[in-house]
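K.L.:
One structure follows; several queries about it will come next.
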Amino acid sequence: MTFEPTLVWAIVLLPLLGFVVNGVVALAAPERKIVPTIVGPAVIAISFAIALVNFFGMLRTGPETAVIVPGYTWIPSGSLQVEASLQLDQLSMLMTLIITGVGFLIHLYSVGYMHADKGYARYFAYINLFVFFMLLLVLGSSFPLMFVGWEGVGLCSYLLIGFWYTGKVNADAGKKAFIVNRIGDFGFIVAMLMIFANTGSLSFQSVFAAAPSAFTYGGAVVTAITLFLFLGATGKSAQIPLYVWLPDAMAGPTPVSALIHAATMVTAGVYMVARTGVLFALAPVSMIVVAGIGALTALFAATIGLAQYDIKKVLAYSTVSQLGYMFVGVGVGAYSAGIFHLMTHAFFKALLFLGSGAVIHAMHEALHHTHRDWDAQDMRNMGGLRRYLPITFVTMWVGTLAIAGVWPFAGFFSKDEIIWQVAARAVGPFRGWFTLYWVMALVAALLTAFYMTRLMIMTFHGKSRLPDEERHHLHEVPWVMYVPLVLLAVLSVLGGWINVPAAIGRMPVLGWVPHAEWLHHWLEPVTAAAERIQAANLPALSETAPFGGGEALWALVSFAIAVATIVIASAVISRVEYRPALESAAPAGFRRVLFRKWYVDEIYDALVVRPVIRASRWLWRWIDQGLIDGVLVNGAARLSRMVGWFGSRLQTGQINTYAFAVVLGVIFLFLFVFPRLF
Amino acid sequence: MNVFLEHIHFAGWALHFLIWFPLVGMFGVLLAPEAVSKRLALVVTLVEFIVSIPLWPAFNPATAAFQFATTMPWIRPWGIYYRVGLDGISLFLVLLTTFIMPLTVLGSFRYITKRERTFYAMMLLLETGIVGVFVALDLFLFFMFWEVMLVPMYFIIGIWGGERRVYAAIKFFLYTTFGSLLMLVAILYMVFKFHALTGEYSFAYLDLLQVPLTYREQIWLFLAFGLAFAIKVPLFPFHTWLPDAHVEAPTPGSVILAAVLLKMGGYGFLRFLLPFFPQASTAPLLVGIVLAFGLAGIIYTAWVAAVQPDAKKLIAYTSVAHMGFVVLGIFALTVQGLQGAMIVMLSHGASTGAMFLLLGMLYERRHTREIAAFGGLAAVMPLFATVFVITALASIGLPGTSGFVGEFLSLIGTFLTHPWVALIGASGVIFAAYYMLPMVQRIWFNALDKPENQTLPDLSRREIVVLAPLVAAMIWIGVYPKPFLDATQTSIEELLTTVEQRRIAPPPMIGLDAPPAARAGRLVVARQP
């Protein structure tokens with residue numbers, strides 16, 4: 001039985017249609033809300049439905065190879081033939097479901113969150129456009145087409161971060177995101193150039209088919225290609241050194257943070273590494289780099305998350321940290337583990353962001369009533385919100401337990417899978433590096449549980465730090481906003497069970513499911529080629545972790561770490577007396593270093609941004625205006641004017657001057673010329 | 001369609017019409033009353049555009065030979081003929097010219113307020129010159145059009161320009177003339193050499209193409225031709241006339257300058273430099289210098305652009321950066337590189353043309369181009385902001401717009417022959433964001449804090465009509481560039497073959513001291529009708 005794809009182009013193009021419709025409304029009648037309310041979420045819902053049809057078709061038939069859905073020839077130039085066609089396989093299918101599914105819930109939520117905004121139609125136009133580009137990114141069948149989506153989502157991110165563009169902070173954040181991402185895109189472009197020069201194609205299927213013979217294992221070319229690709233990934237997926245744009249991106253509306261800056265766009269880099277797994281598998285050095293940057297980012301961002309007061313900033317650094325985990329997964333070659341965490345993270349991080357959005361929405365409305373100039377996002381102004389926002393409170397705890405890795409929530413399975421895969425793959429040439437990453441990942445897991453507990457306690461528990469007048473105006477959010485929360489909470493529980501590790505699956509209660517490692521097997525047709533390369537060049541996976549113990553034992557250990565951290569953190573943080581933000585002293589000592597984010601922005605500013613601007617000014621003033629135009633061009637003009645002036649001085653019109661010149665000439669002839677002639 | 005075109009002998013008169021109709025229109029405008037001059041000019045340029053459209057369907061992309069070609073004797077003793085023709089390289093440059101012209105004329109309606117009749121007459125004369133340059137197949141004719149076009153441009157800058165217009169106009173004129181004079185000398189050298197070999201004078205492109213040149217001769221002639229085109233493109237470091245010319249030129253002047261005139265430099269590289277001097281064009285040192293200049297254009301000018309306080313000057317500098325990609329693509333000598341260069345030229349025509357129009361419209365509203373004078377304008381002019389942002393994105397090569405296709409092809413093509421150059425050139429995508437986004441932000445975003453900005457009207461219907469075709473072109477070329485690539489493919493492949501063959505096996509050198517009888521017949525003179 002062969003798999004017949006259904007209307008795949010429609011999945012991609014419907015959100016584009018939504019963009020056009022909402023865009024016209026935004027320009028022609030921005031105050032009209034009915035059309036965006038219906039069209040915005042509906043196009044995504046229909047895309048999701050079509051994606052589901054295809055998913056069940058795939059489930060039934062289990063295609064072993066990707067299906068190419070033809071479109072048209074995009075860039076034909078000599079031997080380069082770039083087709084605009086889509087590639088549907090198990091990986092792009094899964095991503096499509098996540099994007100349209102989570103995307104739909106967030107669109108629905110946005111109807112409530114943005115209902116009072118003047119830019120309502122514009123918002124839906126942008127976010128529909130985002131879904132279009134994101135789908136193109138995952139469904140595109142070639143590097144250039146993926147790049148269209150890649151830069152397209154960056155554009156939407158730019159537009160949505162700066163959505164409230166009259167605030168300079170927001171506009172700055174959008175610009176920063178775009179420029180930092182372009183540094184990554186430079187890497188992506190260079191990688192494409194190198195891939196085309198070495199394999200003669202840019203379509204995924206041809207490149208991956210040619211790769212094993214075109215590149216030598218561990219060779220310089222494939223290592224360079226993968227490192228350039230990864231540079232692209234560090235930009236889009238906010239990894240060291242290019243992560244700095246993501247925390248600032250929180251300036252955008254909160255549903256945007258949930259959809260673009262947590263659930264989908266920022267995972268594009270992870271998707272890309274998994275998609276190009278064949279190339280990464282050929283470059284062990286790149287694997288060490290990818291997993292290393294991932295582990296470092298996971299740990300580093302988590303430390304910053306410990307000391308932030310802005311609820312969205314905590315979640316932003318948490319996202320950076322979790323993306324680091326995903327890169328550890330795909331970096332060590334455990335592609336399904338990385339993608340698994342990508343999926344569960346999409347559920348629980350979207351949930352957490354939407355939950356924080358509900359909190360901010362409630363805080364903002366309350367503060368708006370009394371016109372008090374307090375920060376609605378600062379957790380020091382919150383406290384005790386569980387009484388006013390019970391649904392948000394419960395669902396956010398679900399998200400917290402999921403991200404902290406508590407059984408039976410989704411994050412337990414997915415994070416543990418990554419941590420275990422690092423341990424199991426710490427063999428052969430990777431032994432030293434991967435052991436280090438494994439320890440880093442365990443420590444970061446502890447920090448994750450800590451900062452999330454801190455967030456929950458500061459926001460929902462204890463006494464309210466809002467003054468009485470505002471407290472009366474605190475209300476739970478409307479149904480369009482909490483229904484998505486509840487659904488995402490359900491997914492945050494169930495999502496993990498689609499990929500229960502075999503070792504846990506054998507255990508009673510803890511892991512009972514009919515099909516252990518379902519997701520892993522589902523993705524096998526996509527990951528098989530890369531795994532074959534690894535199997536051929538690396539020793540077999542280890543059954544035990546570097547310091548002994550099997551998968552089940554370490555799953556229990558990380559579960560224990562998570563629970564213990566949450567319990568201890570709750571106890572510790574509950575005892576801290578927080579004061580409202582305006583009355584609090586600035587953090588001091590090491591906490592200040594963390595609060596100021598290790599001063600990375602300041603360092604970049606001093607070492608990169610300012611020098612470039614200063615150099616630009618210098619080049620303009622001294623080279624362009626000074627040397628080229630001033631000395632050379634206008635200098636030549638001055639020289640010719642001088643010669644002309646000198647010549648005109650000779651034309652005095654006085655006969656004695658001319659006679660004098662004639663005499664001089666004759667003397668010259670007699671003295672110097674004639675003697676030589678005769 | 002093609003049957004109809006054959007019936008009216010379109011191929012026979014199309015190019016003559018396209019060259020001379022604007023000149024006829026010029027006299028019409030000069031004779032007509034001042035009040036109708038702009039409308040008459042619009043009609044003339046529109047008719048010109050409509051007549052030029054069928055060139056595309058009638059063009060046969062399968063052949064690299066010159067099409068719609070005709071020859072008429074002109075100054076016969078010197079072998080000067082009126083020879084015109086079109087191939088895949090010139091087709092879209094002609095279409096770009098006829099497409100941009102009516103939009104520019106319509107875009108000048110409010111900007112040009114003094115001596116309108118003279119102005120529109122100059123614009124039409126300019127169109128004759130530009131179309132002539134792109135279709136002339138006789139180097140004398142080519143040179144004449146090349147120079148003719150300088151005159152109206154000189155006046156457009158010098159009369160309707162800004163405060164330092166005279167300085168800018170003279171600078172523009174001298175710079176360009178300096179280059180062209182060297183080119184004239186080079187042309188004459190080739191003509192005399194041809195005469196020495198065959199006993200006949202000829203300025204025909206196809207004749208001079210056969211003149212065998214020693215490596216040394218090629219180097220000198222390459223430099224002479226190359227300088228003329230490098231100034232026109234402009235290639236770093238011959239670019240400093242451009243920012244001055246743009247800042248002082250009136251909007252229509254800037255639009256034509258950026259959208260079309262600069263392309264004459266790129267066209268010159270493709271049409272003359274590469275096939276005439278294939279050994280010089282592939283000499284590692286020369287190519288290295290040219291590529292280094294191209295890279296400097298991409299990176300250095302991007303940096304300089306980023307710190308310009310004047311929005312128009314900023315865009316002027318970005319032209320140099322874009323043309324850097326053109327130069328890279330051309331001297332890569334690969335199909336992708338040359339096609340990329342072609343697409344960058346078309347894309348730049350649409351996006352930078354639109355950008356200058358937009359800045360002009362902004363200037364009409366606020367009488368300044370100082371970036372710092374704006375801020376938050378998106379709140380009062382949402383449609384204007386939308387068009388501006390789309391144009392800016394196309395200019396910095398966002399995929400899905402024309403800019404990406406061109407830059408990407410140019411880089412791919414360059415990488416195949418000069419990987420390190422392409423690697424460095426690719427960093428241009430970062431610096432493009434670095435110059436463009438802060439400007440967009442400071443004009444359109446941030447607080448709307450200046451009172452004089454708070455009541456600005458959004459785009460008028462006339463302005464929408466001017467901009468819409470340009471935006472459509474940017475997206476069309478970005479999403480479906482195939483028709484453009486298909487039509488240029490054969491000519492570009494033929495050009496590469498010519499260069500390659502003549503580089504490896506140049507036509508046998510014939511000693512000039514050999515008796516004329518021995519020399520005669522070694523070159524085939526294109527027979528004149």
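In the structure tokens, chains take the letters A, B, ... in the order shown, each chain's residues start at 1, and ligands count up from 1 in the order shown.
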Residues of chain B near chain A: apply a cut-off of 8 Å, count only C-alpha atoms, and supply the list as a PyMOL selection string.
P.N.:
chain B and resi 237+240+300+303-304+306-307+335-336+339+376+379+382-383+398-400+405+411-412+415-416+423+426-427+429-430+433-434+437-438+441+445-448+479-482+485-486+489
K.L.:
Just write the chosen residues, N, CA and C atoms, as a short mmCIF file (atom, residue, chain, number, x, y, z; two decimals), in the first residue's frame.
P.N.:
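Result saved to selection33.cif:
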data_model
loop_
_atom_site.label_atom_id
_atom_site.label_comp_id
_atom_site.auth_asym_id
_atom_site.auth_seq_id
_atom_site.Cartn_x
_atom_site.Cartn_y
_atom_site.Cartn_z
N PRO B 237 36.90 51.78 -6.24
CA PRO B 237 36.81 53.09 -5.58
C PRO B 237 36.43 54.23 -6.53
N THR B 240 32.65 57.68 -5.97
CA THR B 240 32.29 58.84 -5.13
C THR B 240 31.45 59.88 -5.85
N TYR B 300 32.54 47.39 2.38
CA TYR B 300 32.93 48.76 2.76
C TYR B 300 31.78 49.74 2.57
N TRP B 303 29.08 49.43 5.12
CA TRP B 303 29.42 50.06 6.40
C TRP B 303 29.27 51.57 6.30
N VAL B 304 29.76 52.13 5.20
CA VAL B 304 29.66 53.58 5.05
C VAL B 304 28.19 53.99 4.96
N ALA B 306 25.71 52.63 6.38
CA ALA B 306 25.01 52.50 7.66
C ALA B 306 25.05 53.76 8.51
N VAL B 307 26.06 54.58 8.33
CA VAL B 307 26.17 55.74 9.22
C VAL B 307 25.78 57.05 8.53
N VAL B 335 27.64 30.22 -15.38
CA VAL B 335 26.26 30.52 -15.77
C VAL B 335 25.51 31.15 -14.61
N GLN B 336 25.66 30.53 -13.42
CA GLN B 336 24.92 31.05 -12.27
C GLN B 336 25.36 32.46 -11.93
N GLN B 339 23.95 34.88 -14.61
CA GLN B 339 22.50 35.04 -14.47
C GLN B 339 22.17 35.78 -13.18
N GLY B 376 8.37 56.95 13.89
CA GLY B 376 6.99 56.56 14.17
C GLY B 376 6.01 56.83 13.06
N ALA B 379 2.60 54.94 12.13
CA ALA B 379 1.31 55.17 12.79
C ALA B 379 0.40 56.08 11.97
N PRO B 382 0.28 54.01 7.36
CA PRO B 382 0.50 52.55 7.39
C PRO B 382 0.80 51.96 6.01
N LEU B 383 0.10 52.43 4.99
CA LEU B 383 0.32 51.85 3.66
C LEU B 383 1.72 52.22 3.15
N LEU B 398 15.73 39.53 0.93
CA LEU B 398 14.95 38.54 1.67
C LEU B 398 14.43 37.49 0.67
N PRO B 399 14.56 36.20 0.99
CA PRO B 399 14.05 35.18 0.07
C PRO B 399 12.56 35.39 -0.19
N GLY B 400 12.18 35.15 -1.43
CA GLY B 400 10.80 35.44 -1.82
C GLY B 400 10.71 36.77 -2.54
N VAL B 405 17.10 36.05 -5.12
CA VAL B 405 17.42 35.20 -6.27
C VAL B 405 18.72 35.67 -6.91
N LEU B 411 26.29 34.55 -5.80
CA LEU B 411 27.21 33.94 -4.84
C LEU B 411 27.53 32.49 -5.21
N ILE B 412 26.50 31.75 -5.61
CA ILE B 412 26.73 30.35 -6.02
C ILE B 412 27.72 30.33 -7.18
N PHE B 415 31.15 31.18 -6.04
CA PHE B 415 31.77 30.15 -5.22
C PHE B 415 32.41 29.06 -6.08
N LEU B 416 31.79 28.77 -7.21
CA LEU B 416 32.30 27.68 -8.05
C LEU B 416 33.69 27.99 -8.58
N LEU B 423 32.66 33.50 -0.15
CA LEU B 423 32.52 33.37 1.30
C LEU B 423 32.50 34.76 1.95
N ALA B 426 29.35 36.72 0.94
CA ALA B 426 28.11 36.31 1.60
C ALA B 426 27.87 37.11 2.88
N SER B 427 28.95 37.63 3.46
CA SER B 427 28.76 38.42 4.69
C SER B 427 27.96 39.68 4.39
N VAL B 429 25.08 39.85 3.44
CA VAL B 429 23.70 39.74 3.94
C VAL B 429 23.60 40.31 5.35
N ILE B 430 24.68 40.17 6.13
CA ILE B 430 24.65 40.73 7.49
C ILE B 430 24.67 42.25 7.42
N ALA B 433 21.53 44.05 6.41
CA ALA B 433 20.60 44.27 7.54
C ALA B 433 21.10 45.41 8.41
N TYR B 434 22.41 45.49 8.52
CA TYR B 434 23.02 46.52 9.37
C TYR B 434 22.76 47.93 8.84
N LEU B 437 18.00 48.13 8.37
CA LEU B 437 17.01 48.07 9.44
C LEU B 437 17.04 49.28 10.38
N PRO B 438 18.21 49.77 10.76
CA PRO B 438 18.18 50.96 11.62
C PRO B 438 17.50 52.14 10.94
N GLN B 441 13.80 51.57 11.01
CA GLN B 441 13.30 51.80 12.37
C GLN B 441 13.20 53.29 12.67
N PHE B 445 9.40 53.41 12.70
CA PHE B 445 9.04 52.94 14.04
C PHE B 445 9.50 53.97 15.08
N ASN B 446 9.58 53.55 16.31
CA ASN B 446 9.86 54.44 17.44
C ASN B 446 8.67 55.41 17.64
N ALA B 447 8.82 56.30 18.61
CA ALA B 447 7.70 57.17 18.94
C ALA B 447 7.45 58.21 17.85
N LEU B 448 6.19 58.50 17.64
CA LEU B 448 5.80 59.55 16.69
C LEU B 448 5.84 60.87 17.45
N VAL B 479 9.60 35.14 -6.64
CA VAL B 479 8.85 33.90 -6.52
C VAL B 479 8.96 33.06 -7.79
N TYR B 480 8.97 33.71 -8.94
CA TYR B 480 8.97 32.96 -10.19
C TYR B 480 9.95 33.58 -11.18
N PRO B 481 11.24 33.42 -10.93
CA PRO B 481 12.24 34.04 -11.82
C PRO B 481 12.49 33.25 -13.09
N LYS B 482 11.83 32.10 -13.22
CA LYS B 482 12.14 31.21 -14.34
C LYS B 482 12.05 31.89 -15.71
N LEU B 485 15.16 33.82 -16.23
CA LEU B 485 16.35 32.99 -16.35
C LEU B 485 16.35 32.24 -17.69
N ASP B 486 15.17 31.75 -18.07
CA ASP B 486 15.10 31.01 -19.33
C ASP B 486 15.50 31.88 -20.51
N GLN B 489 19.33 32.49 -20.54
CA GLN B 489 20.22 31.33 -20.46
C GLN B 489 21.10 31.14 -21.70
#
K.L.:
Quick one: pick out all alpha helix (DSSP H) residues within range 117-246 of chain A from a backbone DSSP run and write them as a PyMOL selection string.
P.N.:
chain A and resi 120-139+143-161+168-199+204-214+220-236+245-246
K.L.:
Provide the CA of Lys118 in chain A to CA of Ala358 in chain A distance in Å, to one decimal place.
P.N.:
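Between CA of Lys118 in chain A and CA of Ala358 in chain A the gap is 19.3 Å.
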K.L.:
Skipping near chain neighbours, those fewer than 4 positions away, what residues fall within 10 Å of Leu103 in chain B using only C-alpha atoms, listed as a VMD selection string?
P.N.:
chain B and resid 42 45 to 46 98 to 99 107 to 108 252 255 353 to 354 357 463 465 to 470
K.L.:
Excluding Ala423 in chain A and any residue of its chain fewer than 5 positions from it, enumerate the residues within 7 Å of it, using only C-alpha atoms, and give them as an MDAnalysis selection string.
P.N.:
chainID A and resid 434:435 438 545:546
K.L.:
May I have the residues within 12 Å of range 5-12 of chain A as an MDAnalysis selection string, using only C-alpha atoms and disregarding those fewer than 4 positions away in the same chain?
P.N.:
chainID A and resid 16:19 43:59 61 63 66:72 84:89 92:93 96:97 99:101 128:140 149
K.L.:
Rank B:Arg83, B:Arg39, B:Arg369, B:His195 by their smallest atom-to-atom distance to Leu314 in chain B, using only C-alpha atoms, and report the top residue only.
P.N.:
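Answer, going by the shortest atom-to-atom distance: B:Arg369.
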K.L.:
Rounded to one decimal in Å, what is the spacing between CA of Tyr437 in chain A and CA of Ala295 in chain A?
P.N.:
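One can read the CA of Tyr437 in chain A to CA of Ala295 in chain A distance as 5.7 Å.
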K.L.:
Which residues, written as an MDAnalysis selection string, have at least one atom at most 7 Å from range 244-250 of chain B, with only C-alpha atoms counted and residues fewer than 2 positions away on the same chain left out?
P.N.:
chainID B and resid 157 160:165 168:169 172 241:242 252:254 312:313 316
K.L.:
Convert the current residue selection to file output with N, CA and C atoms, as a PDB file, in the first residue's frame.
P.N.:
ATOM      1  N   ILE B 157      20.219  66.876 -13.232  1.00  0.00           N
ATOM      2  CA  ILE B 157      20.825  67.113 -11.913  1.00  0.00           C
ATOM      3  C   ILE B 157      21.079  68.606 -11.723  1.00  0.00           C
ATOM      4  N   TRP B 160      17.313  70.779 -11.843  1.00  0.00           N
ATOM      5  CA  TRP B 160      16.236  70.456 -10.901  1.00  0.00           C
ATOM      6  C   TRP B 160      16.772  69.849  -9.603  1.00  0.00           C
ATOM      7  N   GLY B 161      18.068  69.923  -9.407  1.00  0.00           N
ATOM      8  CA  GLY B 161      18.676  69.271  -8.245  1.00  0.00           C
ATOM      9  C   GLY B 161      18.587  70.093  -6.977  1.00  0.00           C
ATOM     10  N   GLY B 162      19.300  69.605  -5.954  1.00  0.00           N
ATOM     11  CA  GLY B 162      19.281  70.271  -4.659  1.00  0.00           C
ATOM     12  C   GLY B 162      20.276  71.415  -4.592  1.00  0.00           C
ATOM     13  N   GLU B 163      20.738  71.728  -3.388  1.00  0.00           N
ATOM     14  CA  GLU B 163      21.542  72.926  -3.200  1.00  0.00           C
ATOM     15  C   GLU B 163      22.885  72.869  -3.924  1.00  0.00           C
ATOM     16  N   ARG B 164      23.562  71.718  -3.822  1.00  0.00           N
ATOM     17  CA  ARG B 164      24.884  71.613  -4.445  1.00  0.00           C
ATOM     18  C   ARG B 164      24.782  70.955  -5.811  1.00  0.00           C
ATOM     19  N   ARG B 165      23.715  71.256  -6.536  1.00  0.00           N
ATOM     20  CA  ARG B 165      23.426  70.532  -7.767  1.00  0.00           C
ATOM     21  C   ARG B 165      24.488  70.753  -8.833  1.00  0.00           C
ATOM     22  N   ALA B 168      27.502  68.630  -8.121  1.00  0.00           N
ATOM     23  CA  ALA B 168      27.208  67.217  -8.368  1.00  0.00           C
ATOM     24  C   ALA B 168      27.118  66.930  -9.857  1.00  0.00           C
ATOM     25  N   ALA B 169      26.476  67.855 -10.600  1.00  0.00           N
ATOM     26  CA  ALA B 169      26.299  67.623 -12.036  1.00  0.00           C
ATOM     27  C   ALA B 169      27.644  67.622 -12.746  1.00  0.00           C
ATOM     28  N   PHE B 172      29.550  64.471 -11.877  1.00  0.00           N
ATOM     29  CA  PHE B 172      28.988  63.345 -12.624  1.00  0.00           C
ATOM     30  C   PHE B 172      29.484  63.364 -14.064  1.00  0.00           C
ATOM     31  N   TRP B 241      31.313  59.750  -7.179  1.00  0.00           N
ATOM     32  CA  TRP B 241      30.392  60.677  -7.853  1.00  0.00           C
ATOM     33  C   TRP B 241      28.952  60.336  -7.511  1.00  0.00           C
ATOM     34  N   LEU B 242      28.728  59.060  -7.188  1.00  0.00           N
ATOM     35  CA  LEU B 242      27.357  58.578  -7.081  1.00  0.00           C
ATOM     36  C   LEU B 242      26.591  59.175  -5.893  1.00  0.00           C
ATOM     37  N   PRO B 252      13.219  61.892  -9.853  1.00  0.00           N
ATOM     38  CA  PRO B 252      13.268  61.136 -11.113  1.00  0.00           C
ATOM     39  C   PRO B 252      14.700  60.910 -11.590  1.00  0.00           C
ATOM     40  N   GLY B 253      15.553  61.881 -11.366  1.00  0.00           N
ATOM     41  CA  GLY B 253      16.957  61.706 -11.751  1.00  0.00           C
ATOM     42  C   GLY B 253      17.571  60.546 -11.010  1.00  0.00           C
ATOM     43  N   SER B 254      17.355  60.496  -9.704  1.00  0.00           N
ATOM     44  CA  SER B 254      17.905  59.405  -8.911  1.00  0.00           C
ATOM     45  C   SER B 254      17.354  58.062  -9.358  1.00  0.00           C
ATOM     46  N   LYS B 312      18.686  59.407   1.607  1.00  0.00           N
ATOM     47  CA  LYS B 312      18.935  59.226   0.187  1.00  0.00           C
ATOM     48  C   LYS B 312      20.384  58.853  -0.078  1.00  0.00           C
ATOM     49  N   LYS B 313      21.263  59.447   0.690  1.00  0.00           N
ATOM     50  CA  LYS B 313      22.672  59.127   0.533  1.00  0.00           C
ATOM     51  C   LYS B 313      22.920  57.683   0.957  1.00  0.00           C
ATOM     52  N   ALA B 316      21.939  55.583  -1.789  1.00  0.00           N
ATOM     53  CA  ALA B 316      22.917  55.721  -2.868  1.00  0.00           C
ATOM     54  C   ALA B 316      24.105  54.801  -2.625  1.00  0.00           C
TER      55      ALA B 316
END
K.L.:
In terms of the shortest atom-to-atom distance over only C-alpha atoms, which of B:Pro309, B:Gly79, B:Pro102, B:Pro22 is closest to Val131 in chain B?
P.N.:
B:Pro22
K.L.:
Got a sec: who's within 9 Å of range 558-571 of chain A, counting only C-alpha atoms, leaving out chain neighbours fewer than 5 positions off, as a PyMOL selection string?
P.N.:
chain A and resi 401+404-407+412+416+442+445-454+456-457+553
